[in-house]
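This report concerns only the one structure given below.
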Amino acid sequence: MNYRQLGNTDMKVSELSFGTWAIGGAWGKTNDEESLKGLQRAMDAGVNFFDTADVYGDGHSEELLAKATEGKESEIHVATKFCRAGDIHDPDTYSEKAVTEYCEASLKRLNRESIDLYQIHCPPIEILKDGSVFEVLDKLKQQGKIRYYGVSVETVEEGLFCLEQSNVSTLQVIFNMLRQKMTDELFPKAQEKNVGILARVPLASGLLTGKFSENHQFESDDHRNFNKDGDAFNVGETFGGLEFNKGVELSNQLKWVADGRGSMTRAALKWILEHDAISTVIPGFKTVKQVEDNLGALDVKGFSEEELNRIAEFYQSEVHDHIRGPY
């Protein structure tokens, strides 16, 4: 396992880490025993960073992380998020009282004295520009309830604004072969500001595994069903904003990246890790096998300049115009 500096924090995190939305809920059926085995397998491989949120299974993923990391709190870093348990457009959701309550509830579920990285969970830009939420987070930091804070953003504009806030340590962004807009302006600026980047939705909600065919039917409680057109939250969080069948068509045209790399999954994750601005990539999982498949990305060959140019040109000519939602 390789470790990378996480922005201006004192943490070096595994370059391949894991998100825990899928084991909390909204990705179809889950099995807690299998989830815990997956977390353990990841830690055995040297993973020392996990991303979660208070709304993943209404706190269930935080509780699973507490079980998995018991006794390892100083070794295993946990990032969680807040605000989406309330009305994200209501300024009261970001008041000192509300954020403190969210934080303390997460601390209780995580069974920790302090949260390593506390992130605002995709708030509207109006809330960010108001600025008071950053003052609240500074107070929580002073109180020792959180060590560092960051923002999970949907758009380049939001990310650039956050980079101007002095105590923001990280940005979490949607980034994958089918969603590349962040590379032009945001990534260089983040490096200049020494702000870490967490890459989420790295497999475009499964499109970049190459396992789906057109008109695949997802379970009713899977966001890839109920949010496929952005009916529940930002459409970019599901298939990176692509209409599903179009996404399948585009991912099929990228299957060549698997040549010599074992699978599309491993190639897609490796491609993200080729970007110097990335601190860690955080694929999700529901099974031990998925954890192992993702970890396999660490051992595959990198991309040549010719291959990188081919992927970039494909994105610009074939993908970019089909992405829906603000980004």
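Letters A, B, ... mark the chains of the structure tokens in the order given; residue numbers begin at 1 per chain; ligand numbers begin at 1, in order shown.
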### Task
Could you tell me, as a PyMOL selection string, which residues of segment 211-306 of chain A DSSP assigns to helix (DSSP H, G or I) when given the backbone?
chain A and resi 223-226+235-237+239-241+244-252+255-258+264-273+288-299+305-306
### Message
If we count only C-alpha atoms and set the cut-off at 10 Å, which residues sit around Asp276 of chain A, ignoring sequence neighbours fewer than 2 positions away in its own chain? Please answer as a PyMOL selection string.
### Response
chain A and resi 4+187-188+191+197+272-274+278-279
### Message
With only C-alpha atoms as the counted atoms, please give the residues lying no more than 12 Å from Lys12 of chain A, apart from itself and same-chain residues fewer than 5 positions off, as a PyMOL selection string.
### Response
chain A and resi 1-7+17+46-49+75-77+116+196+279-280
### Query
What is the distance, in Å and to one decimal place, between atom CA of Leu295 of chain A and atom CA of Thr265 of chain A?
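Separation of atom CA of Leu295 of chain A and atom CA of Thr265 of chain A: 9.9 Å.
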### Query
Any idea what's packed within 9 Å of Asp222 of chain A, counting only C-alpha atoms, ignoring anything in its chain fewer than 3 positions away? Could you give it as a ChimeraX atom specification?
/A:25-29,218-219,225-227
Could you take the residues named above and write them with N, CA and C atoms, as a short mmCIF file (atom, residue, chain, number, x, y, z; two decimals), in the first residue's frame?
```
data_model
loop_
_atom_site.label_atom_id
_atom_site.label_comp_id
_atom_site.auth_asym_id
_atom_site.auth_seq_id
_atom_site.Cartn_x
_atom_site.Cartn_y
_atom_site.Cartn_z
N GLY A 25 -26.58 1.57 3.10
CA GLY A 25 -27.89 1.42 2.48
C GLY A 25 -27.98 2.19 1.18
N ALA A 26 -29.12 2.06 0.49
CA ALA A 26 -29.43 2.75 -0.77
C ALA A 26 -28.63 2.21 -1.95
N TRP A 27 -28.11 0.98 -1.81
CA TRP A 27 -27.44 0.30 -2.92
C TRP A 27 -27.95 -1.13 -3.04
N GLY A 28 -29.20 -1.37 -2.65
CA GLY A 28 -29.73 -2.72 -2.66
C GLY A 28 -29.39 -3.46 -1.37
N LYS A 29 -29.59 -4.76 -1.39
CA LYS A 29 -29.43 -5.59 -0.18
C LYS A 29 -28.00 -5.54 0.34
N PHE A 218 -32.30 -2.33 -11.43
CA PHE A 218 -31.76 -2.27 -10.08
C PHE A 218 -32.89 -2.43 -9.07
N GLU A 219 -32.53 -2.88 -7.86
CA GLU A 219 -33.52 -3.05 -6.80
C GLU A 219 -34.18 -1.71 -6.46
N ASN A 225 -31.70 3.10 -9.05
CA ASN A 225 -33.08 3.02 -9.54
C ASN A 225 -33.80 4.33 -9.23
N PHE A 226 -33.89 4.69 -7.94
CA PHE A 226 -34.76 5.81 -7.57
C PHE A 226 -34.14 7.18 -7.82
N ASN A 227 -32.82 7.23 -8.09
CA ASN A 227 -32.23 8.54 -8.39
C ASN A 227 -31.60 8.58 -9.79
#
```
### All residues 6 Å or closer to segment 198-201 of chain A, only C-alpha atoms, same chain fewer than 5 positions away omitted, as a VMD selection string
chain A and resid 172 to 175 279 to 282
### Message
Applying 12 Å and only C-alpha atoms, which residues near Ser213 of chain A remain after dropping the ones on its own chain fewer than 5 positions away? List them as a VMD selection string.
### Response
chain A and resid 206 to 208 218 244 to 252
### Query
What residues in segment 93-193 of chain A get the DSSP label strand (DSSP E or B)? Please answer as a PyMOL selection string.
chain A and resi 115-121+146-152+168-174+176+179
The selected residues should be written to file as a CSV table (one decimal), in the first residue's frame (atoms: N, CA and C atoms).
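In the end it all went to out_10.csv:
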```csv
chain,number,residue,atom,x,y,z
A,115,ILE,N,-13.4,13.3,15.5
A,115,ILE,CA,-13.6,12.9,14.1
A,115,ILE,C,-12.4,13.4,13.4
A,116,ASP,N,-11.7,12.6,12.6
A,116,ASP,CA,-10.5,13.0,11.9
A,116,ASP,C,-10.7,14.0,10.9
A,117,LEU,N,-11.8,13.8,10.1
A,117,LEU,CA,-12.1,14.8,9.0
A,117,LEU,C,-13.7,14.9,9.0
A,118,TYR,N,-14.2,16.1,9.2
A,118,TYR,CA,-15.6,16.3,9.2
A,118,TYR,C,-15.9,17.2,8.0
A,119,GLN,N,-16.9,16.7,7.2
A,119,GLN,CA,-17.1,17.3,5.9
A,119,GLN,C,-18.6,17.8,5.8
A,120,ILE,N,-18.7,19.0,5.2
A,120,ILE,CA,-20.1,19.4,4.9
A,120,ILE,C,-20.5,18.6,3.6
A,121,HIS,N,-21.7,18.1,3.7
A,121,HIS,CA,-22.1,17.1,2.7
A,121,HIS,C,-22.9,17.7,1.6
A,146,ILE,N,-13.5,17.7,16.4
A,146,ILE,CA,-13.1,17.4,15.1
A,146,ILE,C,-11.6,17.8,14.9
A,147,ARG,N,-10.8,17.1,14.1
A,147,ARG,CA,-9.4,17.4,13.9
A,147,ARG,C,-9.3,18.3,12.7
A,148,TYR,N,-9.9,18.0,11.6
A,148,TYR,CA,-9.9,18.8,10.4
A,148,TYR,C,-11.2,18.8,9.8
A,149,TYR,N,-11.4,19.8,8.8
A,149,TYR,CA,-12.7,19.7,8.1
A,149,TYR,C,-12.5,20.0,6.6
A,150,GLY,N,-13.5,19.5,5.9
A,150,GLY,CA,-13.5,19.7,4.4
A,150,GLY,C,-14.9,19.8,3.9
A,151,VAL,N,-15.0,19.9,2.6
A,151,VAL,CA,-16.3,20.0,2.0
A,151,VAL,C,-16.5,19.0,0.8
A,152,SER,N,-17.6,18.3,0.8
A,152,SER,CA,-17.9,17.5,-0.4
A,152,SER,C,-18.7,18.4,-1.3
A,168,VAL,N,-10.1,25.1,5.3
A,168,VAL,CA,-10.6,23.9,4.5
A,168,VAL,C,-9.4,23.0,4.2
A,169,SER,N,-9.4,21.8,4.6
A,169,SER,CA,-8.3,20.9,4.4
A,169,SER,C,-8.4,20.0,3.2
A,170,THR,N,-9.7,19.7,2.9
A,170,THR,CA,-10.0,18.7,1.8
A,170,THR,C,-11.2,19.1,1.0
A,171,LEU,N,-11.2,18.6,-0.2
A,171,LEU,CA,-12.4,18.6,-1.1
A,171,LEU,C,-12.7,17.2,-1.5
A,172,GLN,N,-14.0,16.9,-1.5
A,172,GLN,CA,-14.4,15.6,-2.0
A,172,GLN,C,-15.2,15.8,-3.3
A,173,VAL,N,-14.8,15.2,-4.4
A,173,VAL,CA,-15.4,15.5,-5.7
A,173,VAL,C,-15.7,14.2,-6.4
A,174,ILE,N,-16.7,14.3,-7.4
A,174,ILE,CA,-17.0,13.2,-8.3
A,174,ILE,C,-15.9,13.3,-9.4
A,176,ASN,N,-14.0,10.5,-12.3
A,176,ASN,CA,-13.8,9.2,-13.0
A,176,ASN,C,-13.6,9.4,-14.4
A,179,ARG,N,-16.1,11.5,-16.0
A,179,ARG,CA,-16.4,12.7,-15.4
A,179,ARG,C,-15.1,13.5,-15.0
```
